[in-house]
file final30.cif (mmCIF, C-alpha atoms and all ligand atoms)
data_upload
#
loop_
_atom_site.label_atom_id
_atom_site.label_comp_id
_atom_site.auth_asym_id
_atom_site.auth_seq_id
_atom_site.Cartn_x
_atom_site.Cartn_y
_atom_site.Cartn_z
CA MET A 1 40.19 32.75 -52.83
CA MET A 2 37.29 34.36 -51.01
CA GLY A 3 37.62 37.93 -49.80
CA TYR A 4 39.19 39.25 -52.98
CA THR A 5 37.68 39.25 -56.43
CA ILE A 6 39.27 36.73 -58.79
CA GLU A 7 40.01 39.65 -61.15
CA ALA A 8 41.85 41.57 -58.43
CA MET A 9 44.05 38.59 -57.62
CA HIS A 10 44.78 38.04 -61.30
CA ALA A 11 45.80 41.70 -61.57
CA ILE A 12 48.32 41.24 -58.75
CA GLN A 13 49.57 37.99 -60.27
CA GLU A 14 50.18 39.67 -63.62
CA THR A 15 51.74 42.86 -62.25
CA ASP A 16 53.80 41.42 -59.44
CA PRO A 17 54.17 37.62 -59.23
CA ASP A 18 56.44 37.92 -56.17
CA VAL A 19 53.85 39.74 -54.08
CA TYR A 20 51.15 37.43 -55.44
CA THR A 21 53.11 34.39 -54.27
CA ALA A 22 53.55 35.86 -50.79
CA ILE A 23 49.84 36.71 -50.52
CA GLN A 24 48.88 33.19 -51.60
CA ALA A 25 51.25 31.69 -49.03
CA GLU A 26 49.86 33.95 -46.30
CA GLU A 27 46.31 32.98 -47.23
CA GLN A 28 47.29 29.32 -46.96
CA ARG A 29 48.96 29.91 -43.58
CA GLN A 30 45.83 31.57 -42.21
CA ARG A 31 43.65 28.80 -43.63
CA GLU A 32 45.68 25.79 -42.46
CA LYS A 33 46.84 26.89 -39.02
CA LEU A 34 45.05 27.45 -35.75
CA VAL A 35 45.77 31.07 -34.83
CA LEU A 36 45.39 31.89 -31.13
CA ILE A 37 47.01 35.35 -31.26
CA ALA A 38 44.64 37.33 -29.06
CA SER A 39 45.00 40.60 -30.98
CA GLU A 40 44.30 39.14 -34.43
CA ASN A 41 41.06 38.32 -36.22
CA TYR A 42 39.86 37.41 -39.70
CA ALA A 43 37.90 40.30 -41.23
CA SER A 44 34.92 39.44 -43.40
CA PRO A 45 35.10 39.48 -47.21
CA ALA A 46 32.99 42.68 -47.19
CA VAL A 47 35.42 44.46 -44.84
CA MET A 48 38.43 43.39 -46.92
CA ALA A 49 36.74 44.36 -50.18
CA ALA A 50 35.97 47.84 -48.80
CA GLN A 51 39.57 48.17 -47.65
CA GLY A 52 40.77 47.40 -51.17
CA CYS A 53 38.29 49.72 -52.90
CA VAL A 54 38.62 52.84 -55.08
CA MET A 55 38.39 55.17 -52.09
CA THR A 56 42.13 54.59 -51.68
CA ASN A 57 42.45 57.07 -54.58
CA LYS A 58 40.81 60.01 -52.80
CA TYR A 59 42.32 62.84 -50.80
CA ALA A 60 39.90 64.15 -48.16
CA GLU A 61 41.80 66.23 -45.60
CA GLY A 62 39.28 67.73 -43.21
CA TYR A 63 35.96 66.32 -42.04
CA PRO A 64 32.62 65.53 -43.78
CA GLY A 65 31.21 68.77 -45.27
CA ARG A 66 34.44 70.64 -44.48
CA ARG A 67 37.13 69.21 -46.77
CA TYR A 68 40.15 70.78 -48.42
CA TYR A 69 39.43 68.99 -51.73
CA GLY A 70 36.55 68.79 -54.19
CA GLY A 71 34.81 65.55 -55.07
CA CYS A 72 34.34 64.38 -51.50
CA GLN A 73 30.59 63.64 -51.64
CA HIS A 74 30.95 59.87 -51.54
CA VAL A 75 33.77 59.64 -49.04
CA ASP A 76 31.73 62.03 -46.87
CA SER A 77 28.89 59.49 -47.00
CA VAL A 78 31.05 56.62 -45.76
CA GLU A 79 32.69 58.70 -43.02
CA GLU A 80 29.26 59.81 -41.80
CA LEU A 81 28.04 56.20 -41.83
CA ALA A 82 31.12 55.09 -39.86
CA ILE A 83 30.58 57.88 -37.30
CA ASP A 84 26.84 57.18 -36.88
CA ARG A 85 27.39 53.44 -36.50
CA ALA A 86 30.28 53.86 -34.04
CA LYS A 87 28.07 56.15 -31.93
CA GLN A 88 25.32 53.54 -31.99
CA LEU A 89 27.74 50.75 -31.05
CA PHE A 90 29.40 52.53 -28.15
CA ASP A 91 26.82 55.17 -27.16
CA CYS A 92 29.47 57.90 -27.05
CA ASP A 93 29.11 61.70 -27.33
CA HIS A 94 31.73 62.13 -30.04
CA VAL A 95 33.82 59.87 -32.26
CA ASN A 96 36.63 60.49 -34.71
CA VAL A 97 37.07 57.54 -37.10
CA GLN A 98 40.18 58.89 -38.84
CA PRO A 99 43.05 57.57 -36.65
CA HIS A 100 45.25 55.32 -38.77
CA SER A 101 46.02 53.12 -35.74
CA GLY A 102 45.44 52.61 -32.03
CA SER A 103 48.80 54.23 -31.41
CA THR A 104 47.72 57.43 -33.21
CA ALA A 105 44.41 57.39 -31.36
CA ASN A 106 46.27 57.27 -28.03
CA MET A 107 48.65 60.01 -29.13
CA ALA A 108 45.64 62.16 -29.99
CA ALA A 109 44.03 61.55 -26.60
CA TYR A 110 47.21 62.63 -24.81
CA LEU A 111 48.00 65.66 -26.97
CA SER A 112 44.45 67.01 -26.98
CA VAL A 113 44.77 67.94 -23.28
CA LEU A 114 48.38 67.38 -22.13
CA LYS A 115 51.65 69.23 -22.71
CA PRO A 116 55.03 67.54 -23.25
CA GLY A 117 56.55 66.77 -19.86
CA ASP A 118 53.21 66.18 -18.14
CA THR A 119 52.86 63.07 -15.99
CA ILE A 120 50.88 60.00 -17.05
CA LEU A 121 50.17 56.82 -15.09
CA GLY A 122 49.50 53.60 -17.02
CA MET A 123 49.67 49.84 -16.66
CA ASP A 124 53.18 48.42 -16.89
CA LEU A 125 53.89 46.76 -20.25
CA ALA A 126 55.71 43.97 -18.39
CA GLN A 127 52.55 43.21 -16.43
CA GLY A 128 50.03 43.31 -19.26
CA GLY A 129 49.89 46.97 -20.30
CA HIS A 130 50.66 48.46 -23.72
CA LEU A 131 53.65 50.15 -25.32
CA THR A 132 51.72 53.40 -25.86
CA HIS A 133 50.74 53.66 -22.19
CA GLY A 134 54.05 55.20 -21.16
CA SER A 135 56.79 52.74 -22.13
CA ARG A 136 60.18 54.49 -22.14
CA VAL A 137 60.94 53.27 -25.69
CA ASN A 138 57.66 54.67 -27.05
CA PHE A 139 56.56 58.25 -27.82
CA SER A 140 54.34 58.09 -24.73
CA GLY A 141 57.34 57.59 -22.44
CA ILE A 142 59.56 59.94 -24.43
CA ILE A 143 57.16 62.91 -24.46
CA PHE A 144 55.61 62.42 -21.01
CA GLN A 145 56.86 61.57 -17.53
CA SER A 146 55.49 58.05 -17.22
CA HIS A 147 54.72 56.06 -14.09
CA PHE A 148 53.25 52.59 -13.84
CA TYR A 149 50.90 50.39 -11.86
CA GLY A 150 50.74 46.62 -12.19
CA VAL A 151 49.11 43.51 -10.77
CA ASP A 152 49.31 42.00 -7.31
CA ARG A 153 52.00 39.31 -7.02
CA GLU A 154 49.61 36.81 -5.39
CA THR A 155 46.31 37.32 -7.22
CA GLU A 156 47.89 38.50 -10.49
CA MET A 157 44.99 40.96 -10.73
CA ILE A 158 44.99 44.76 -10.56
CA ASP A 159 45.13 45.96 -6.96
CA TYR A 160 42.99 49.11 -7.08
CA ASP A 161 44.21 50.33 -3.68
CA ALA A 162 47.76 50.16 -5.01
CA VAL A 163 46.72 52.13 -8.13
CA GLN A 164 45.15 54.78 -5.88
CA GLN A 165 48.34 55.00 -3.84
CA LYS A 166 50.51 55.27 -6.96
CA ALA A 167 48.23 58.02 -8.32
CA GLU A 168 48.56 59.96 -5.07
CA GLU A 169 52.34 59.63 -5.22
CA CYS A 170 52.89 60.68 -8.85
CA ARG A 171 49.81 62.97 -9.33
CA PRO A 172 49.29 62.19 -13.06
CA ARG A 173 47.52 64.56 -15.46
CA MET A 174 46.22 61.43 -17.25
CA LEU A 175 45.38 57.99 -15.85
CA VAL A 176 45.65 55.39 -18.61
CA VAL A 177 43.66 52.17 -18.40
CA GLY A 178 43.68 49.19 -20.75
CA ALA A 179 45.85 46.19 -21.44
CA SER A 180 47.09 43.79 -24.05
CA ALA A 181 47.70 40.85 -21.74
CA TYR A 182 45.29 41.12 -18.80
CA SER A 183 42.33 38.75 -18.69
CA ARG A 184 40.14 40.24 -15.96
CA THR A 185 37.19 42.64 -16.05
CA LEU A 186 38.34 46.25 -15.66
CA ASP A 187 36.55 48.27 -12.97
CA PHE A 188 35.94 51.56 -14.79
CA PRO A 189 33.96 53.31 -12.01
CA ARG A 190 36.89 52.63 -9.67
CA PHE A 191 39.39 53.99 -12.17
CA GLN A 192 37.23 57.09 -12.61
CA HIS A 193 37.19 57.58 -8.86
CA ILE A 194 40.99 57.31 -8.72
CA ALA A 195 41.44 59.75 -11.62
CA GLN A 196 39.04 62.29 -10.11
CA SER A 197 40.66 62.04 -6.67
CA VAL A 198 43.95 63.33 -8.12
CA GLY A 199 42.50 65.66 -10.76
CA ALA A 200 43.57 63.47 -13.71
CA TYR A 201 41.89 62.88 -17.05
CA LEU A 202 40.89 59.25 -17.65
CA LEU A 203 41.87 57.53 -20.91
CA VAL A 204 40.64 53.96 -21.46
CA ASP A 205 42.15 52.00 -24.34
CA ILE A 206 39.73 49.17 -25.18
CA ALA A 207 41.65 47.90 -28.23
CA HIS A 208 41.55 44.29 -27.07
CA ILE A 209 38.04 44.17 -25.67
CA SER A 210 36.13 46.53 -27.99
CA GLY A 211 34.04 43.73 -29.53
CA LEU A 212 33.03 42.60 -26.04
CA VAL A 213 32.25 46.20 -25.00
CA ALA A 214 30.22 46.85 -28.18
CA THR A 215 28.00 43.87 -27.40
CA GLY A 216 27.65 44.49 -23.65
CA LEU A 217 29.78 41.47 -22.70
CA HIS A 218 32.33 43.64 -20.91
CA PRO A 219 31.24 46.80 -19.03
CA SER A 220 31.67 49.98 -21.08
CA PRO A 221 34.10 52.70 -20.00
CA VAL A 222 32.24 55.33 -22.06
CA PRO A 223 30.21 56.77 -19.14
CA TYR A 224 33.33 57.09 -16.97
CA ALA A 225 36.24 58.09 -19.22
CA ASP A 226 37.18 61.39 -20.85
CA PHE A 227 38.67 59.48 -23.79
CA VAL A 228 38.12 55.93 -25.06
CA THR A 229 40.41 54.65 -27.81
CA THR A 230 40.42 51.40 -29.73
CA THR A 231 41.86 49.60 -32.67
CA THR A 232 39.22 48.26 -35.03
CA HIS A 233 40.81 44.94 -36.04
CA LYS A 234 40.95 42.86 -32.88
CA THR A 235 37.75 41.51 -31.28
CA LEU A 236 35.85 44.21 -33.23
CA ARG A 237 36.86 42.34 -36.44
CA GLY A 238 37.20 45.34 -38.74
CA PRO A 239 40.08 46.72 -40.81
CA ARG A 240 43.53 47.35 -39.29
CA ALA A 241 43.08 50.89 -37.93
CA GLY A 242 42.11 53.00 -34.91
CA MET A 243 39.35 55.20 -33.52
CA ILE A 244 38.90 57.70 -30.70
CA MET A 245 35.78 58.50 -28.69
CA CYS A 246 35.45 61.29 -26.14
CA LYS A 247 33.13 63.42 -24.05
CA ALA A 248 31.52 66.31 -25.96
CA GLU A 249 33.74 68.88 -24.21
CA HIS A 250 36.87 67.33 -25.82
CA ALA A 251 35.39 66.90 -29.32
CA LYS A 252 36.94 70.02 -30.87
CA ALA A 253 40.37 69.39 -29.41
CA VAL A 254 40.33 65.74 -30.54
CA ASN A 255 39.34 66.60 -34.11
CA LYS A 256 41.99 69.33 -34.28
CA ILE A 257 44.79 67.12 -33.00
CA ILE A 258 43.93 64.23 -35.37
CA PHE A 259 43.82 66.65 -38.33
CA PRO A 260 45.85 68.81 -38.83
CA GLY A 261 47.77 67.94 -35.64
CA LEU A 262 48.90 64.39 -36.30
CA GLN A 263 47.62 63.18 -39.65
CA GLY A 264 47.11 64.48 -43.18
CA GLY A 265 44.69 62.81 -45.55
CA PRO A 266 42.49 60.18 -43.91
CA LEU A 267 42.53 56.65 -45.36
CA MET A 268 39.03 56.77 -46.84
CA HIS A 269 39.12 53.15 -48.03
CA VAL A 270 39.90 52.07 -44.47
CA ILE A 271 37.14 54.33 -43.13
CA ALA A 272 34.75 52.64 -45.62
CA ALA A 273 35.86 49.29 -44.20
CA LYS A 274 35.27 50.59 -40.66
CA ALA A 275 31.70 51.54 -41.66
CA VAL A 276 31.12 48.02 -43.01
CA ALA A 277 32.62 46.39 -39.91
CA PHE A 278 30.49 48.56 -37.60
CA LYS A 279 27.37 47.52 -39.52
CA GLU A 280 28.36 43.88 -39.01
CA ALA A 281 29.01 44.56 -35.33
CA LEU A 282 25.50 46.03 -34.91
CA SER A 283 23.91 42.76 -36.09
CA PRO A 284 22.56 40.21 -33.56
CA ALA A 285 24.94 37.62 -35.06
CA PHE A 286 27.90 39.66 -33.78
CA THR A 287 26.68 39.32 -30.19
CA VAL A 288 26.38 35.55 -30.73
CA TYR A 289 29.95 35.62 -32.05
CA GLN A 290 31.30 37.59 -29.05
CA GLN A 291 29.56 35.22 -26.63
CA ARG A 292 31.30 32.35 -28.42
CA VAL A 293 34.64 34.16 -28.05
CA LEU A 294 34.06 34.34 -24.29
CA ASP A 295 32.77 30.78 -23.96
CA ASN A 296 35.71 29.39 -25.91
CA ALA A 297 38.21 31.33 -23.77
CA HIS A 298 36.59 29.93 -20.59
CA THR A 299 36.69 26.40 -21.98
CA LEU A 300 40.35 26.70 -22.98
CA ALA A 301 41.36 28.13 -19.60
CA ASN A 302 39.38 25.50 -17.66
CA GLU A 303 40.90 22.66 -19.68
CA PHE A 304 44.40 23.97 -18.98
CA ASN A 305 43.62 24.32 -15.27
CA GLN A 306 42.52 20.68 -15.19
CA ARG A 307 45.81 19.60 -16.81
CA ASP A 308 48.15 21.18 -14.29
CA TYR A 309 48.94 24.30 -16.30
CA ARG A 310 49.24 27.67 -14.55
CA VAL A 311 46.65 30.06 -16.00
CA VAL A 312 47.73 33.54 -14.85
CA SER A 313 45.21 34.87 -12.28
CA GLY A 314 43.50 31.47 -12.39
CA GLY A 315 41.12 32.16 -15.28
CA THR A 316 39.69 34.71 -17.67
CA ASP A 317 36.75 37.11 -18.03
CA THR A 318 37.67 38.03 -21.60
CA HIS A 319 38.88 36.65 -24.92
CA LEU A 320 42.42 35.88 -23.71
CA PHE A 321 44.65 34.60 -20.94
CA LEU A 322 48.31 33.90 -20.22
CA LEU A 323 49.81 30.50 -19.44
CA ASN A 324 52.81 30.57 -17.11
CA LEU A 325 54.94 27.66 -18.35
CA THR A 326 57.55 27.77 -15.58
CA ASN A 327 56.31 24.50 -14.03
CA LYS A 328 56.52 22.84 -17.47
CA ASN A 329 60.20 23.68 -17.88
CA VAL A 330 59.67 25.30 -21.25
CA THR A 331 60.13 28.98 -22.07
CA GLY A 332 57.60 31.08 -23.93
CA LYS A 333 59.99 31.30 -26.87
CA GLU A 334 60.43 27.51 -27.07
CA ALA A 335 56.68 27.01 -26.75
CA GLU A 336 55.93 29.51 -29.53
CA THR A 337 58.40 27.79 -31.88
CA ALA A 338 57.27 24.22 -31.10
CA LEU A 339 53.57 25.09 -31.41
CA ASP A 340 54.05 26.93 -34.69
CA ALA A 341 55.77 23.84 -36.11
CA ALA A 342 52.66 21.92 -35.05
CA GLY A 343 50.34 24.36 -36.88
CA ILE A 344 49.29 26.30 -33.77
CA THR A 345 50.25 29.99 -33.74
CA VAL A 346 50.60 31.79 -30.39
CA ASN A 347 52.91 34.50 -29.04
CA LYS A 348 55.42 34.25 -26.23
CA ASN A 349 54.49 36.67 -23.47
CA ALA A 350 56.00 37.88 -20.22
CA VAL A 351 54.02 36.78 -17.18
CA PRO A 352 53.69 39.10 -14.15
CA TYR A 353 57.02 39.44 -12.31
CA ASP A 354 58.74 37.41 -15.05
CA GLU A 355 62.44 36.88 -14.45
CA LYS A 356 63.17 36.07 -18.09
CA PRO A 357 63.75 38.79 -20.71
CA PRO A 358 60.73 39.62 -22.94
CA ALA A 359 62.34 37.97 -25.99
CA VAL A 360 62.38 34.65 -24.09
CA ALA A 361 59.52 35.08 -21.59
CA SER A 362 58.03 32.49 -19.25
CA GLY A 363 54.61 32.31 -20.83
CA ILE A 364 52.41 32.37 -23.86
CA ARG A 365 49.27 34.38 -24.58
CA LEU A 366 46.22 32.60 -25.97
CA GLY A 367 43.08 34.19 -27.41
CA THR A 368 39.93 32.96 -29.11
CA PRO A 369 38.77 35.67 -31.59
CA ILE A 370 39.93 33.76 -34.69
CA LEU A 371 38.92 30.25 -33.56
CA SER A 372 35.46 31.70 -32.84
CA THR A 373 35.30 33.54 -36.18
CA ARG A 374 35.91 30.14 -37.79
CA GLY A 375 32.86 28.87 -35.87
CA MET A 376 34.71 26.52 -33.51
CA GLY A 377 33.19 25.66 -30.13
CA ALA A 378 33.75 23.68 -26.93
CA ASP A 379 34.67 20.32 -28.54
CA GLU A 380 37.33 21.97 -30.67
CA MET A 381 38.72 23.90 -27.66
CA THR A 382 39.13 20.62 -25.72
CA GLN A 383 40.88 19.05 -28.68
CA ILE A 384 43.19 22.07 -29.12
CA VAL A 385 44.25 21.97 -25.45
CA SER A 386 45.09 18.29 -25.83
CA TRP A 387 47.29 19.07 -28.87
CA ILE A 388 49.01 22.00 -27.14
CA ASP A 389 49.67 19.76 -24.15
CA GLN A 390 51.17 17.00 -26.33
CA VAL A 391 53.51 19.49 -28.01
CA LEU A 392 54.58 21.29 -24.82
CA GLU A 393 55.26 18.04 -22.93
CA HIS A 394 57.85 17.21 -25.64
CA PRO A 395 58.80 20.57 -27.20
CA HIS A 396 61.69 19.13 -29.24
CA ASP A 397 59.84 16.08 -30.61
CA THR A 398 59.36 16.81 -34.30
CA GLN A 399 57.30 13.64 -34.84
CA ILE A 400 54.66 14.84 -32.39
CA GLN A 401 54.70 18.26 -34.08
CA GLU A 402 54.16 16.66 -37.49
CA HIS A 403 51.36 14.44 -36.20
CA VAL A 404 49.58 17.41 -34.58
CA ARG A 405 50.16 19.59 -37.66
CA LYS A 406 48.28 17.11 -39.85
CA ALA A 407 45.41 16.84 -37.36
CA VAL A 408 45.26 20.68 -37.10
CA LYS A 409 45.06 20.98 -40.89
CA ALA A 410 42.19 18.48 -41.00
CA LEU A 411 40.30 20.42 -38.32
CA CYS A 412 40.89 23.69 -40.15
CA THR A 413 39.42 22.21 -43.33
CA ARG A 414 36.15 21.68 -41.43
CA PHE A 415 36.07 25.37 -40.37
CA PRO A 416 36.75 27.62 -43.40
CA ILE A 417 38.42 30.93 -42.61
CA PHE A 418 35.98 33.44 -44.00
CA TYR A 419 33.19 32.53 -41.66
CA SER A 420 30.23 34.76 -42.51
CA ALA A 421 29.51 37.50 -39.99
CA GLN A 422 25.84 37.02 -40.78
CA SER A 423 25.79 33.32 -39.92
CA THR A 424 24.62 32.37 -36.43
CA SER A 425 25.63 28.70 -36.58
CA ALA A 426 27.83 27.62 -33.68
N1 LIG B 501 50.43 44.38 -30.50
C1 LIG B 501 49.08 44.24 -30.01
C2 LIG B 501 48.86 42.99 -29.25
O1 LIG B 501 49.29 41.96 -29.74
O2 LIG B 501 48.25 42.98 -28.19
C3 LIG B 501 48.65 45.41 -29.23
O3 LIG B 501 48.81 46.57 -29.99
#

call {"tool": "encode", "arguments": {"input": "final30.cif", "output": "structure tokens"}}
result
Amino acid sequence: MMGYTIEAMHAIQETDPDVYTAIQAEEQRQREKLVLIASENYASPAVMAAQGCVMTNKYAEGYPGRRYYGGCQHVDSVEELAIDRAKQLFDCDHVNVQPHSGSTANMAAYLSVLKPGDTILGMDLAQGGHLTHGSRVNFSGIIFQSHFYGVDRETEMIDYDAVQQKAEECRPRMLVVGASAYSRTLDFPRFQHIAQSVGAYLLVDIAHISGLVATGLHPSPVPYADFVTTTTHKTLRGPRAGMIMCKAEHAKAVNKIIFPGLQGGPLMHVIAAKAVAFKEALSPAFTVYQQRVLDNAHTLANEFNQRDYRVVSGGTDTHLFLLNLTNKNVTGKEAETALDAAGITVNKNAVPYDEKPPAVASGIRLGTPILSTRGMGADEMTQIVSWIDQVLEHPHDTQIQEHVRKAVKALCTRFPIFYSAQSTSA
């Protein structure tokens, strides 16, 4: 199995055969299925090796050169490398690479300048936003007074005039931008204008699009936002973790709220993996990869449009899009189950103004980071749409699912999962 040393896997097998069996099965699942979950990616062997390295053994509360423990020389080196490379990738004033997750990064952005009870305005989760942007069941909606903007019912795109109006009505202290199920280019100058017009800070969460932003294939929010947060494992293809960038004036407050405010010891093995991933992302091959992610998403969306499927907002500018399956008489939940049986993994997703509950949903979300990491291109996208169509036209036909599953497995064999970040082949 690539990505882990043979010795390491043998150690797990000897110590804990149950966990070993589950890891092997998961590796097989990732290898044999087509995964179109827009927020997932396959990290390189180097990233995974760093994440499993000896730095997991080290306590390093504090920051490079200012730690609360001895013996931090080497973890200081990797944190400094991660910081320097992140600054190079995103051209930001200040970065803190310690957040354990995107959720913690967002919490830090809020708490560095807001007080409990302050008002925030974010994109509605039901219309493509994220849990941590003010949802009532999340810390962001529990600690702050949250208000929401969404997309226009006709265009299914953000209506910036409506956001402006909402901001004037609720006067937020923080305007939150970013989405987990919105496929269109975000207009950061316009969001900055809205935030400034009501005296709000601007937080942009680029978790989904950070690989595109790093390579210039989506405009960067860095010149416009007070805070930019991201996860590092989606399009950016690093370890599962988070990161926060900010203007110089917020640097002290951000560092203080991450540690000691929210976290204790940083995960130095994960920070080492971030440094490796950022080095990969700085290579020309990574830009080729991100362009392939975009091209594949366009091809998928166009093929669905030609087959009488409803692509939400009519297309995509990013790595993902939603399919509204209402006209196909199949729910998102049924589609997710039928496709998984056919070896194609997607997630059910609410579409804008969905009348079904989120656990059923009227749509599915499709993304191309993993297919592109495997090196697939236009021919494979056309083939995949044809298989998805066959399954969704007859969602209860197990023979079709079995036939597609075998064909999917054969395709996957031609595109091994640990596609080298250094390779430029298409
Ligand atoms: N749960 C992630 C997603 O799937 O988009 C966002 O955090």

call {"tool": "residues_near_ligand", "arguments": {"input": "final30.cif", "ligand": "ligand LIG 501 (chain B)", "cutoff": "12 Å", "atoms": "only C-alpha atoms and all ligand atoms", "output": "PyMOL selection string"}}
result
chain A and resi 36-41+101-106+125+128-133+178-183+205-209+229-235+240-242+319-321+346-349+364-367

call {"tool": "residues_around", "arguments": {"input": "final30.cif", "residues": "A:Leu323", "least_positions_apart": "4", "cutoff": "6 Å", "atoms": "all atoms listed in the file", "output": "list in words"}}
result
Arg310, Val311, Val312, Gly363 and Ile364 of chain A

call {"tool": "atom_distance", "arguments": {"input": "final30.cif", "atom1": "atom CA of A:Pro221", "atom2": "atom CA of A:Gly122"}}
result
15.7 Å

call {"tool": "residues_around", "arguments": {"input": "final30.cif", "residues": "A:Arg153", "least_positions_apart": "3", "cutoff": "12 Å", "atoms": "all atoms listed in the file", "output": "count of residues only"}}
result
13

call {"tool": "axis_aligned_box", "arguments": {"input": "final30.cif", "around": "stretch 14-32 of chain A", "padding_each_side": "4 Å", "output": "lines of an AutoDock Vina configuration file"}}
result
center_x = 50.0
center_y = 34.3
center_z = -52.9
size_x = 20.8
size_y = 25.1
size_z = 29.4

call {"tool": "atom_distance", "arguments": {"input": "final30.cif", "atom1": "atom CA of A:Lys58", "atom2": "atom CA of A:Glu14"}}
result
24.9 Å
